[in-house]
Amino acid sequence: MKDLQFARHRRLRSSDNMRALVRETHLNKEDLIYPIFIVEGENIKKEVPSMPGVYHLSLDLLNAEMAEVTDLGIKSVIVFGVPNEKDEVGTQAYHDHGIVQKAIAQIKESFSELVVIADTCLCQFTSHGHCGIVEEGQVLNDPTLDLLARTAVSQARAGADIIAPSNMMDGFVAAIRHGLDENGFEHIPVMSYAVKFSSAFYGPFRDAAHSSPQFGDRKTYQMDPANRQEALREAESDIMEGADFLIVKPALSYLDIIRDVKNNFNVPVVAYNVSGEYSMIKAAAQNGWINEKEIVMEMLVSMKRAGVDLIITYFSKDVARWLNEN
């Protein structure tokens with residue numbers, strides 16, 4: 001046996017400290033973006049049935065939640081709103097006193113250091129649940145762009161640090177960039193949901209955002225999960241239109257897409273660790289089938305290894321606690 005020649009890779013795995021010394025990929029608190037769901041009313045903290053640990057919060061309880069977030073060391077949040085009133089054109093999305101606008105202003109007043117990202121879409125605000133203007137059962141692309149730009153400007157006026165449009169209309173980044181620039185918000189970056197697949201993993205989110213389509217589905221504007229090259233075309237279009245960040249959504253089943261996007265575009269790439277990915281782990285952990293901490297950390301590290309710079313995840317507070325423990 002003394003004449004055998006082979007590499008001794010295990011030398012670098014011999015102890016915890018040795019493994020930490022040569023670790024290639026790291027997950028940090030600064031990588032985390034925490035989603036919050038704001039509702040109208042008072043003294044509301046209601047758990048989303050399909051998303052244990054995720055809550056609808058009213059504005060009077062928002063500051064306590066943001067205090068916990070900042071104490072944990074999380075640097076950024078993304079705001080979703082659930083209005084009491086909806087109509088065909090999603091008026092509450094772009095109303096200066098809409099629920100999202102109120103939440104953004106309140107956070108920035110009390111927690112100015114937090115980076116506040118505004119989800120910019122219409123589906124939570126339309127009575128039909130689609131992400132645009134609907135006529136005769138069709139989601140109209142170009143007429144929707146004006147409403148998206150108005151929504152972005154209203155959110156920027158409220159104090160949003162980043163606009164994150166998620167609707168997947170063609171030209172949505174160009175329209176929003178133009179609207180922001182025309183209204184004096186040239187300094188506000190756009191974090192585009194550039195690569196958003198029509199995915200079954202979104203199911204629990206629709207409980208949280210009350211945004212299920214009242215007819216049909218979103219396959220005419222969200223991407224076919226079977227397509228890879230199309231993702232690069234979508235991302236390239238958004239870069240050309242002025243996107244500053246690119247989001248890939250969902251994350252776990254699309255790590256190959258994340259790597260493609262990272263390899264091809266020199267901007268920060270964001271993964272959205274979506275509700276279905278979250279809820280599956282929560283359900284398995286509650287049944288004692290998996291170690292939740294180990295599974296979550298391995299999953300998020302896989303996203304970082306695939307190339308993302310930031311991760312939108314409902315696990316943000318848990319992960320921040322685990323990182324603080326270390």
# chains A, B, ... in the order shown; residues from 1 in each chain; ligands from 1
$ closest_atom_pairs --of "segment 207-278 of chain A" --to "segment 292-301 of chain A" --cutoff "9 Å" --atoms "only C-alpha atoms" --output "Markdown table"
| residue | atom | partner | partner_atom | distance |
| --- | --- | --- | --- | --- |
| A:Leu252 | CA | A:Met299 | CA | 7.5 |
| A:Asn273 | CA | A:Leu300 | CA | 8.2 |
| A:Tyr278 | CA | A:Val296 | CA | 8.8 |
$ write_last_selection --atoms "N, CA and C atoms" --output "mmCIF file, in the first residue's frame"
data_model
loop_
_atom_site.group_PDB
_atom_site.id
_atom_site.type_symbol
_atom_site.label_atom_id
_atom_site.label_comp_id
_atom_site.auth_asym_id
_atom_site.auth_seq_id
_atom_site.Cartn_x
_atom_site.Cartn_y
_atom_site.Cartn_z
ATOM 1 N N LEU A 252 -35.154 27.295 -4.755
ATOM 2 C CA LEU A 252 -34.591 25.974 -4.505
ATOM 3 C C LEU A 252 -34.604 25.074 -5.736
ATOM 4 N N ASN A 273 -36.597 32.832 -1.563
ATOM 5 C CA ASN A 273 -36.886 31.538 -0.930
ATOM 6 C C ASN A 273 -38.377 31.539 -0.579
ATOM 7 N N TYR A 278 -40.620 27.324 2.236
ATOM 8 C CA TYR A 278 -40.686 27.574 3.681
ATOM 9 C C TYR A 278 -41.641 26.601 4.369
#
$ select_by_dssp --residues "segment 131-210 of chain A" --states "strand (DSSP E or B)" --output "NGL selection string"
:A and (133-135 or 138-140 or 162-165 or 190-197)
$ write_last_selection --atoms "N, CA, C and O atoms" --output "short mmCIF file (atom, residue, chain, number, x, y, z; two decimals), in the first residue's frame"
data_model
loop_
_atom_site.label_atom_id
_atom_site.label_comp_id
_atom_site.auth_asym_id
_atom_site.auth_seq_id
_atom_site.Cartn_x
_atom_site.Cartn_y
_atom_site.Cartn_z
N ILE A 133 -54.31 45.19 -15.49
CA ILE A 133 -55.66 45.51 -15.95
C ILE A 133 -56.20 44.34 -16.77
O ILE A 133 -55.51 43.79 -17.62
N VAL A 134 -57.45 43.98 -16.50
CA VAL A 134 -58.08 42.85 -17.17
C VAL A 134 -59.26 43.34 -18.01
O VAL A 134 -60.10 44.11 -17.53
N GLU A 135 -59.29 42.90 -19.26
CA GLU A 135 -60.44 43.13 -20.13
C GLU A 135 -60.78 41.84 -20.86
O GLU A 135 -59.90 41.21 -21.45
N GLN A 138 -58.55 38.88 -20.39
CA GLN A 138 -57.14 38.99 -20.76
C GLN A 138 -56.44 40.03 -19.91
O GLN A 138 -56.99 41.11 -19.66
N VAL A 139 -55.22 39.72 -19.45
CA VAL A 139 -54.41 40.68 -18.71
C VAL A 139 -53.67 41.54 -19.73
O VAL A 139 -52.87 41.04 -20.53
N LEU A 140 -53.95 42.82 -19.73
CA LEU A 140 -53.41 43.75 -20.72
C LEU A 140 -52.05 44.27 -20.27
O LEU A 140 -51.92 44.80 -19.17
N ILE A 162 -35.81 50.96 -2.09
CA ILE A 162 -35.69 50.15 -3.30
C ILE A 162 -37.10 49.80 -3.78
O ILE A 162 -37.98 49.47 -2.96
N ILE A 163 -37.31 49.84 -5.08
CA ILE A 163 -38.57 49.41 -5.69
C ILE A 163 -38.36 48.03 -6.29
O ILE A 163 -37.43 47.81 -7.07
N ALA A 164 -39.24 47.08 -5.94
CA ALA A 164 -39.10 45.69 -6.41
C ALA A 164 -40.36 45.27 -7.16
O ALA A 164 -41.28 44.71 -6.58
N PRO A 165 -40.42 45.52 -8.47
CA PRO A 165 -41.60 45.15 -9.25
C PRO A 165 -41.64 43.65 -9.54
O PRO A 165 -40.66 43.06 -9.98
N VAL A 190 -33.94 49.86 -8.71
CA VAL A 190 -34.99 48.90 -9.03
C VAL A 190 -34.45 47.48 -8.86
O VAL A 190 -33.45 47.11 -9.48
N MET A 191 -35.11 46.72 -8.01
CA MET A 191 -34.79 45.31 -7.78
C MET A 191 -35.85 44.49 -8.50
O MET A 191 -36.92 44.23 -7.96
N SER A 192 -35.56 44.12 -9.73
CA SER A 192 -36.57 43.50 -10.58
C SER A 192 -36.74 42.01 -10.29
O SER A 192 -35.76 41.27 -10.22
N TYR A 193 -37.99 41.59 -10.16
CA TYR A 193 -38.31 40.16 -10.23
C TYR A 193 -38.17 39.76 -11.70
O TYR A 193 -39.15 39.54 -12.41
N ALA A 194 -36.94 39.70 -12.14
CA ALA A 194 -36.66 39.53 -13.57
C ALA A 194 -37.03 38.14 -14.06
O ALA A 194 -37.51 37.96 -15.18
N VAL A 195 -36.78 37.14 -13.22
CA VAL A 195 -36.98 35.74 -13.61
C VAL A 195 -37.94 35.12 -12.60
O VAL A 195 -37.55 34.63 -11.54
N LYS A 196 -39.21 35.20 -12.93
CA LYS A 196 -40.26 34.73 -12.02
C LYS A 196 -41.08 33.66 -12.73
O LYS A 196 -41.78 33.94 -13.71
N PHE A 197 -40.95 32.45 -12.23
CA PHE A 197 -41.60 31.31 -12.87
C PHE A 197 -43.03 31.15 -12.35
O PHE A 197 -43.34 31.49 -11.21
#
$ closest_residue --among "A:Leu114, A:Leu59, A:Ala200, A:Ile247" --to "Asp224 of chain A" --atoms "only C-alpha atoms"
A:Ala200
$ atom_distance --atom1 "atom CA of Thr144 of chain A" --atom2 "atom CA of Gly132 of chain A"
5.1 Å
$ select_by_dssp --residues "segment 28-240 of chain A" --states "helix (DSSP H, G or I)" --output "compact mmCIF listing (two decimals) with N, CA, C and O atoms, in the first residue's frame"
# COMPACT_ATOMS: atom_id res chain seq x y z
N LYS A 29 -25.79 37.67 8.08
CA LYS A 29 -27.05 38.38 8.36
C LYS A 29 -27.33 39.46 7.32
O LYS A 29 -28.49 39.73 6.99
N GLU A 30 -26.27 40.06 6.80
CA GLU A 30 -26.43 41.11 5.79
C GLU A 30 -27.02 40.58 4.49
O GLU A 30 -27.48 41.37 3.64
N ASP A 31 -27.02 39.26 4.30
CA ASP A 31 -27.57 38.65 3.09
C ASP A 31 -29.09 38.54 3.14
O ASP A 31 -29.71 38.25 2.11
N LEU A 59 -50.55 48.13 11.63
CA LEU A 59 -49.53 49.17 11.76
C LEU A 59 -49.15 49.45 13.21
O LEU A 59 -48.00 49.79 13.50
N ASP A 60 -50.11 49.31 14.14
CA ASP A 60 -49.79 49.61 15.53
C ASP A 60 -48.84 48.60 16.16
O ASP A 60 -48.24 48.87 17.20
N LEU A 61 -48.67 47.44 15.52
CA LEU A 61 -47.74 46.43 16.02
C LEU A 61 -46.46 46.36 15.18
O LEU A 61 -45.56 45.57 15.48
N LEU A 62 -46.39 47.19 14.16
CA LEU A 62 -45.26 47.12 13.22
C LEU A 62 -43.95 47.52 13.88
O LEU A 62 -42.91 46.89 13.64
N ASN A 63 -43.95 48.55 14.71
CA ASN A 63 -42.70 49.01 15.31
C ASN A 63 -42.06 47.95 16.20
O ASN A 63 -40.83 47.81 16.22
N ALA A 64 -42.87 47.21 16.92
CA ALA A 64 -42.33 46.14 17.76
C ALA A 64 -41.65 45.07 16.91
O ALA A 64 -40.58 44.55 17.26
N GLU A 65 -42.26 44.75 15.78
CA GLU A 65 -41.67 43.76 14.87
C GLU A 65 -40.36 44.27 14.29
O GLU A 65 -39.36 43.55 14.22
N MET A 66 -40.33 45.55 13.90
CA MET A 66 -39.11 46.12 13.33
C MET A 66 -38.01 46.26 14.39
O MET A 66 -36.82 46.13 14.06
N ALA A 67 -38.39 46.49 15.62
CA ALA A 67 -37.38 46.54 16.70
C ALA A 67 -36.72 45.18 16.86
O ALA A 67 -35.49 45.09 17.03
N GLU A 68 -37.51 44.11 16.79
CA GLU A 68 -36.94 42.76 16.88
C GLU A 68 -36.03 42.49 15.69
O GLU A 68 -34.93 41.94 15.85
N VAL A 69 -36.46 42.89 14.50
CA VAL A 69 -35.66 42.67 13.29
C VAL A 69 -34.31 43.37 13.40
O VAL A 69 -33.25 42.78 13.13
N THR A 70 -34.32 44.62 13.80
CA THR A 70 -33.06 45.37 13.88
C THR A 70 -32.18 44.85 15.01
O THR A 70 -30.95 44.80 14.87
N ASP A 71 -32.79 44.46 16.12
CA ASP A 71 -32.00 43.90 17.23
C ASP A 71 -31.28 42.61 16.82
O ASP A 71 -30.18 42.32 17.30
N LEU A 72 -31.89 41.86 15.92
CA LEU A 72 -31.27 40.62 15.43
C LEU A 72 -30.15 40.89 14.44
O LEU A 72 -29.36 40.00 14.13
N THR A 91 -56.56 50.29 -7.14
CA THR A 91 -56.33 51.68 -6.75
C THR A 91 -55.49 51.82 -5.49
O THR A 91 -54.65 52.72 -5.39
N GLN A 92 -55.70 50.94 -4.53
CA GLN A 92 -54.99 51.06 -3.26
C GLN A 92 -53.48 50.80 -3.40
O GLN A 92 -52.70 51.15 -2.52
N ALA A 93 -53.05 50.23 -4.52
CA ALA A 93 -51.62 49.99 -4.74
C ALA A 93 -50.88 51.30 -4.91
O ALA A 93 -49.72 51.44 -4.49
N ILE A 99 -51.95 51.06 2.27
CA ILE A 99 -51.38 50.35 3.42
C ILE A 99 -49.87 50.18 3.29
O ILE A 99 -49.12 50.31 4.27
N VAL A 100 -49.37 49.92 2.09
CA VAL A 100 -47.92 49.79 1.90
C VAL A 100 -47.23 51.12 2.13
O VAL A 100 -46.19 51.20 2.80
N GLN A 101 -47.79 52.18 1.60
CA GLN A 101 -47.20 53.50 1.76
C GLN A 101 -47.15 53.90 3.24
O GLN A 101 -46.15 54.46 3.72
N LYS A 102 -48.22 53.63 3.96
CA LYS A 102 -48.24 53.94 5.40
C LYS A 102 -47.16 53.14 6.14
O LYS A 102 -46.46 53.68 7.01
N ALA A 103 -47.03 51.87 5.80
CA ALA A 103 -46.04 51.03 6.47
C ALA A 103 -44.62 51.51 6.18
O ALA A 103 -43.77 51.58 7.09
N ILE A 104 -44.35 51.84 4.92
CA ILE A 104 -43.01 52.31 4.56
C ILE A 104 -42.67 53.58 5.34
O ILE A 104 -41.58 53.71 5.93
N ALA A 105 -43.60 54.54 5.34
CA ALA A 105 -43.35 55.81 6.03
C ALA A 105 -43.11 55.59 7.52
O ALA A 105 -42.22 56.21 8.12
N GLN A 106 -43.87 54.70 8.11
CA GLN A 106 -43.72 54.44 9.55
C GLN A 106 -42.38 53.80 9.86
O GLN A 106 -41.71 54.17 10.83
N ILE A 107 -41.98 52.84 9.04
CA ILE A 107 -40.69 52.19 9.28
C ILE A 107 -39.55 53.18 9.14
O ILE A 107 -38.65 53.26 9.98
N LYS A 108 -39.58 53.98 8.08
CA LYS A 108 -38.48 54.92 7.84
C LYS A 108 -38.42 56.01 8.91
O LYS A 108 -37.34 56.52 9.23
N GLU A 109 -39.57 56.35 9.49
CA GLU A 109 -39.58 57.36 10.55
C GLU A 109 -38.90 56.86 11.81
O GLU A 109 -38.14 57.58 12.46
N SER A 110 -39.14 55.60 12.15
CA SER A 110 -38.63 55.06 13.42
C SER A 110 -37.37 54.23 13.27
O SER A 110 -36.63 54.06 14.24
N ASN A 141 -51.08 44.14 -21.13
CA ASN A 141 -49.71 44.51 -20.78
C ASN A 141 -49.51 46.03 -20.69
O ASN A 141 -49.24 46.58 -19.62
N ASP A 142 -49.66 46.73 -21.81
CA ASP A 142 -49.25 48.13 -21.87
C ASP A 142 -50.07 49.06 -20.98
O ASP A 142 -49.50 49.93 -20.31
N PRO A 143 -51.40 48.89 -20.91
CA PRO A 143 -52.16 49.75 -19.99
C PRO A 143 -51.78 49.55 -18.52
O PRO A 143 -51.96 50.45 -17.71
N THR A 144 -51.25 48.37 -18.20
CA THR A 144 -50.84 48.10 -16.82
C THR A 144 -49.59 48.88 -16.43
O THR A 144 -49.39 49.21 -15.26
N LEU A 145 -48.72 49.16 -17.40
CA LEU A 145 -47.43 49.78 -17.10
C LEU A 145 -47.58 51.13 -16.42
O LEU A 145 -46.82 51.46 -15.50
N ASP A 146 -48.56 51.91 -16.82
CA ASP A 146 -48.78 53.22 -16.20
C ASP A 146 -49.12 53.07 -14.72
O ASP A 146 -48.63 53.83 -13.87
N LEU A 147 -49.95 52.08 -14.39
CA LEU A 147 -50.33 51.88 -12.99
C LEU A 147 -49.14 51.40 -12.17
O LEU A 147 -48.99 51.78 -11.00
N LEU A 148 -48.28 50.58 -12.76
CA LEU A 148 -47.10 50.13 -12.05
C LEU A 148 -46.15 51.29 -11.77
O LEU A 148 -45.57 51.40 -10.69
N ALA A 149 -45.99 52.17 -12.76
CA ALA A 149 -45.13 53.35 -12.55
C ALA A 149 -45.71 54.24 -11.47
O ALA A 149 -44.97 54.76 -10.60
N ARG A 150 -47.01 54.44 -11.48
CA ARG A 150 -47.65 55.25 -10.44
C ARG A 150 -47.46 54.63 -9.06
O ARG A 150 -47.22 55.34 -8.08
N THR A 151 -47.55 53.31 -9.00
CA THR A 151 -47.35 52.62 -7.72
C THR A 151 -45.92 52.82 -7.22
O THR A 151 -45.70 53.13 -6.04
N ALA A 152 -44.95 52.66 -8.11
CA ALA A 152 -43.55 52.82 -7.73
C ALA A 152 -43.26 54.24 -7.23
O ALA A 152 -42.57 54.43 -6.21
N VAL A 153 -43.78 55.24 -7.93
CA VAL A 153 -43.56 56.62 -7.53
C VAL A 153 -44.19 56.89 -6.16
O VAL A 153 -43.59 57.54 -5.29
N SER A 154 -45.38 56.36 -5.94
CA SER A 154 -46.05 56.54 -4.66
C SER A 154 -45.25 55.89 -3.53
O SER A 154 -45.11 56.46 -2.44
N GLN A 155 -44.70 54.72 -3.79
CA GLN A 155 -43.89 54.03 -2.77
C GLN A 155 -42.59 54.77 -2.50
O GLN A 155 -42.15 54.88 -1.34
N ALA A 156 -41.97 55.31 -3.55
CA ALA A 156 -40.75 56.09 -3.37
C ALA A 156 -41.05 57.36 -2.58
O ALA A 156 -40.27 57.78 -1.71
N ARG A 157 -42.18 57.98 -2.88
CA ARG A 157 -42.58 59.20 -2.16
C ARG A 157 -42.77 58.89 -0.67
O ARG A 157 -42.49 59.74 0.19
N ALA A 158 -43.24 57.70 -0.36
CA ALA A 158 -43.44 57.31 1.04
C ALA A 158 -42.13 57.04 1.77
O ALA A 158 -42.11 57.00 3.00
N PHE A 172 -41.94 46.43 -17.80
CA PHE A 172 -42.27 47.00 -16.49
C PHE A 172 -41.10 47.74 -15.86
O PHE A 172 -41.28 48.77 -15.21
N VAL A 173 -39.87 47.28 -16.08
CA VAL A 173 -38.72 48.00 -15.53
C VAL A 173 -38.56 49.34 -16.24
O VAL A 173 -38.33 50.38 -15.59
N ALA A 174 -38.68 49.37 -17.56
CA ALA A 174 -38.55 50.62 -18.31
C ALA A 174 -39.58 51.63 -17.86
O ALA A 174 -39.26 52.82 -17.65
N ALA A 175 -40.83 51.19 -17.67
CA ALA A 175 -41.89 52.11 -17.26
C ALA A 175 -41.64 52.66 -15.86
O ALA A 175 -41.81 53.86 -15.60
N ILE A 176 -41.22 51.80 -14.97
CA ILE A 176 -40.97 52.23 -13.60
C ILE A 176 -39.76 53.14 -13.52
O ILE A 176 -39.76 54.17 -12.83
N ARG A 177 -38.69 52.78 -14.24
CA ARG A 177 -37.49 53.62 -14.24
C ARG A 177 -37.82 55.02 -14.77
O ARG A 177 -37.39 56.03 -14.21
N HIS A 178 -38.61 55.06 -15.82
CA HIS A 178 -39.00 56.35 -16.41
C HIS A 178 -39.83 57.15 -15.41
O HIS A 178 -39.62 58.36 -15.22
N GLY A 179 -40.79 56.48 -14.76
CA GLY A 179 -41.64 57.17 -13.80
C GLY A 179 -40.86 57.70 -12.61
O GLY A 179 -41.08 58.84 -12.17
N LEU A 180 -39.95 56.91 -12.10
CA LEU A 180 -39.14 57.36 -10.97
C LEU A 180 -38.28 58.55 -11.37
O LEU A 180 -38.19 59.55 -10.64
N ASP A 181 -37.63 58.46 -12.52
CA ASP A 181 -36.73 59.53 -12.95
C ASP A 181 -37.49 60.83 -13.20
O ASP A 181 -37.02 61.92 -12.83
N GLU A 182 -38.66 60.73 -13.81
CA GLU A 182 -39.46 61.92 -14.10
C GLU A 182 -39.90 62.64 -12.84
O GLU A 182 -40.15 63.85 -12.85
N ALA A 200 -45.84 26.23 -8.63
CA ALA A 200 -46.71 25.69 -7.60
C ALA A 200 -46.19 25.99 -6.20
O ALA A 200 -46.93 25.85 -5.22
N PHE A 201 -44.94 26.44 -6.09
CA PHE A 201 -44.36 26.75 -4.79
C PHE A 201 -44.90 28.04 -4.18
O PHE A 201 -44.56 28.39 -3.06
N TYR A 202 -45.74 28.78 -4.91
CA TYR A 202 -46.27 30.04 -4.39
C TYR A 202 -47.54 29.87 -3.55
O TYR A 202 -48.04 30.86 -3.00
N GLY A 203 -48.06 28.67 -3.49
CA GLY A 203 -49.37 28.46 -2.88
C GLY A 203 -49.58 29.14 -1.53
O GLY A 203 -50.53 29.92 -1.35
N PRO A 204 -48.74 28.89 -0.53
CA PRO A 204 -48.97 29.51 0.78
C PRO A 204 -48.92 31.03 0.76
O PRO A 204 -49.62 31.68 1.54
N PHE A 205 -48.10 31.62 -0.11
CA PHE A 205 -48.03 33.09 -0.20
C PHE A 205 -49.39 33.68 -0.50
O PHE A 205 -49.74 34.77 0.00
N ARG A 206 -50.18 32.99 -1.30
CA ARG A 206 -51.49 33.55 -1.67
C ARG A 206 -52.43 33.58 -0.48
O ARG A 206 -53.35 34.39 -0.43
N ASP A 207 -52.19 32.71 0.53
CA ASP A 207 -52.89 32.86 1.81
C ASP A 207 -52.44 34.12 2.52
O ASP A 207 -53.24 34.83 3.14
N ALA A 208 -51.14 34.39 2.44
CA ALA A 208 -50.59 35.54 3.16
C ALA A 208 -50.99 36.86 2.51
O ALA A 208 -51.31 37.83 3.20
N ALA A 209 -50.96 36.91 1.18
CA ALA A 209 -51.22 38.16 0.48
C ALA A 209 -52.67 38.29 -0.01
O ALA A 209 -53.04 39.33 -0.55
N GLN A 229 -33.27 29.15 -21.22
CA GLN A 229 -32.75 30.25 -22.03
C GLN A 229 -33.66 31.48 -21.93
O GLN A 229 -33.18 32.63 -21.98
N GLU A 230 -34.94 31.26 -21.79
CA GLU A 230 -35.87 32.37 -21.66
C GLU A 230 -35.54 33.23 -20.44
O GLU A 230 -35.72 34.46 -20.46
N ALA A 231 -35.04 32.61 -19.39
CA ALA A 231 -34.67 33.35 -18.19
C ALA A 231 -33.59 34.37 -18.49
O ALA A 231 -33.62 35.51 -17.98
N LEU A 232 -32.63 34.00 -19.31
CA LEU A 232 -31.55 34.93 -19.66
C LEU A 232 -32.08 36.07 -20.53
O LEU A 232 -31.63 37.22 -20.40
N ARG A 233 -33.04 35.78 -21.39
CA ARG A 233 -33.63 36.85 -22.20
C ARG A 233 -34.39 37.83 -21.31
O ARG A 233 -34.30 39.05 -21.50
N GLU A 234 -35.13 37.30 -20.36
CA GLU A 234 -35.87 38.17 -19.43
C GLU A 234 -34.90 39.05 -18.62
O GLU A 234 -35.12 40.25 -18.48
N ALA A 235 -33.85 38.44 -18.09
CA ALA A 235 -32.90 39.18 -17.28
C ALA A 235 -32.19 40.25 -18.11
O ALA A 235 -32.00 41.39 -17.66
N GLU A 236 -31.80 39.89 -19.33
CA GLU A 236 -31.11 40.86 -20.19
C GLU A 236 -32.00 42.06 -20.50
O GLU A 236 -31.54 43.22 -20.49
N SER A 237 -33.27 41.81 -20.76
CA SER A 237 -34.19 42.91 -21.04
C SER A 237 -34.27 43.86 -19.85
O SER A 237 -34.24 45.09 -20.01
N ASP A 238 -34.36 43.30 -18.66
CA ASP A 238 -34.50 44.15 -17.47
C ASP A 238 -33.23 44.96 -17.21
O ASP A 238 -33.30 46.12 -16.79
N ILE A 239 -32.07 44.36 -17.45
CA ILE A 239 -30.81 45.11 -17.31
C ILE A 239 -30.79 46.27 -18.29
O ILE A 239 -30.45 47.42 -17.94
N MET A 240 -31.18 46.02 -19.53
CA MET A 240 -31.19 47.08 -20.54
C MET A 240 -32.18 48.18 -20.19
O MET A 240 -31.97 49.35 -20.55
$ closest_residue --among "A:Glu24, A:Glu113, A:Asp16, A:Asp170" --to "Tyr221 of chain A" --atoms "only C-alpha atoms"
A:Asp170
$ atom_distance --atom1 "atom CA of Leu4 of chain A" --atom2 "atom CA of Val22 of chain A"
26.3 Å
$ atom_distance --atom1 "atom CA of Asp256 of chain A" --atom2 "atom CA of Gln286 of chain A"
29.6 Å
$ closest_residue --among "A:Ala160, A:Val89, A:Val39, A:Val308" --to "His130 of chain A" --atoms "only C-alpha atoms"
A:Val89
$ residues_around --residues "Val261 of chain A" --least-positions-apart "2" --cutoff "9 Å" --atoms "only C-alpha atoms" --output "PyMOL selection string"
chain A and resi 231-232+235+246+248+256-259+263-266+269+307
$ residues_around --residues "Thr126 of chain A" --least-positions-apart "3" --cutoff "8 Å" --atoms "only C-alpha atoms" --output "MDAnalysis selection string"
chainID A and resid 86:91 122:123 129:131
